[in-house]
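Undergrad: Can you read through this structure? Questions will come right after.
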Amino acid sequence: MTKVHNYSAGPCILPQEVLKQASEAVINFNNLNLSILEISHRSKDFIEVMDNAIALVKELLNVPSGYSVLFLQGGASLGFYISAINVMKKDGKGAYLDTGVWSAKAIKEAKRLGSVEVIASSKDKNYNSIPKSFEVPGDADYLHYTSNNTIYGTQFKTVPQSSIPLICDMSSDIFSKEIDVSKYDMIYAGAQKNMGPAGTTLYIVKDELLGKTGRDIPSMLDLQVHIEKESMFNTPPVYPIYVSMLNLQWLKKNGGVKWIEGINNQKAELLYAEIDRNPLFKGIVEKEDRSNMNVTFVLTDESKSEAFDAAWKAANISGIKGHRSAGGYRASMYNALPLESVQALVDVMQAFEKTNG
Ligand code: PMP
């Protein structure tokens with residue numbers, strides 16, 4: 001099989017060995033002579049998967065006691081609403097940092113429930129930076145932000161200071177670097193970047209945050225219900241949880257989040273250095289806010305795009321076209337993308353400079 005350098009923005013590259021284990025379990029799981037797809041979610045073998053997956057999240061992210069870990073459905077897009085309905089009081093208010101399309105969607109869902117205050121936004125700058133100065137209203141029930149802006153390629157380098165509960169959509173950078181979970185009251189993330197395949201959504205929730213809204217929350221949206229039922233209120237997405245477990249085992253075996261953070265830093269340094277050096281390319285976000293996960297850039301001369309596209313495609317590079325709303329290029333460098341794939345892209349950029357510079 002030809003090696004493809006997979007820069008997909010999500011769903012995205014997963015380690016080959018994880019894909020192999022995952023494929024084997026479709027035929028014969030745990031030597032049961034049954035597929036993981038055809039056993040009960042209440043079976044001993046699957047409960048073990050769920051328990052392992054939760055334990056791995058707790059261990060890899062150093063989750064303190066007093067927090068629950070859940071594997072639910074609906075993607076981060078339902079997380080926008082779930083996070084709000086579980087924390088915004090009946091006559092309360094949510095505070096939001098608007099750093100991109102995903103933040104804006106979170107704001108839109110929260111507005112269905114009550115009052116929303118957008119305390120800072122980089123929309124007028126085409127979301128090319130992270131707002132630095134803002135005041136967190138003491139009367140809001142929570143502050144919500146998006147740690148990594150997948151489309152634009154910006155990332156918070158520090159956790160926003162907040163005197164009120166802090167909620168974070170960490171869909172595109174969870175498990176990519178060390179975090180201090182104790183600073184957060186809720187973290188949620190779609191699985192399909194650094195955790196596993198699409199189909200499950202991770203929630204890490206401080207237990208004492210819940211049960212204070214005075215709302216009648218539908219069971220499927222009620223985090224307390226899911227905590228009581230240990231993510232088994234209804235049939236969980238068994239296969240995405242299983243593959244996530246395998247992927248987290250891969251991360252742990254290789255050295256955990258600290259190890260991958262080092263590699264992710266190397267990958268980002270390599271590509272950003274080339275973007276800054278090569279006169280044919282230019283980065284599109286503020287340098288201090290650059291994402292280590294999604295690297296966005298453009299050609300300085302748009303008319304060369306056909307030739308550049310042909311060059312990276314010929315080098316078996318896949319998925320670097322920018323998001324339809326941002327244009328240009330976006331190289332997504334999630335955990336499983338090896339350093340050699342970044343080197344392959346840098347080599348293409350350097351060869352392109354020689355022939356087109
Ligand atoms: N938030 C962020 C930061 C994302 O990158 C995405 C998807 N790429 C979403 C939310 C939406 O996630 P989902 O498709 O799982 O609903």
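Each chain of the structure tokens is named A, B, ... in the order shown, its residues numbered from 1; ligands are numbered from 1 in display order.
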Would you kindly return, as a ChimeraX atom specification, each protein, DNA or RNA residue with an atom no farther than 12 Å from any atom of range 296-300 of chain A, considering only C-alpha atoms and excluding same-chain residues fewer than 3 positions away?
TA: /A:7,9,128,149-155,268,271-272,274-276,278-287,289-293,303-309,320-323,326-333,349,352-353,356-357
Undergrad: Assign secondary structure with DSSP using the backbone only, and return the residues of range 44-238 of chain A in alpha helix (DSSP H) as a PyMOL selection string.
TA: chain A and resi 44-60+75-87+101-111+223-228+238
Undergrad: Any residue with an atom at most 8 Å from ligand 1 counts, using only C-alpha atoms and all ligand atoms. Which are they? Put them as a PyMOL selection string.
TA: chain A and resi 9-10+74-79+102-103+146-151+169-172+189-192+198-199+201
Undergrad: How many Å separate CA of Ser219 in chain A from CA of Leu202 in chain A?
TA: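 Computed distance, CA of Ser219 in chain A to CA of Leu202 in chain A, equals 17.3 Å.
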Undergrad: Looking only at strand (DSSP E) from DSSP on the backbone, list the matching residues of range 13-184 of chain A as a count of residues only.
TA: 32
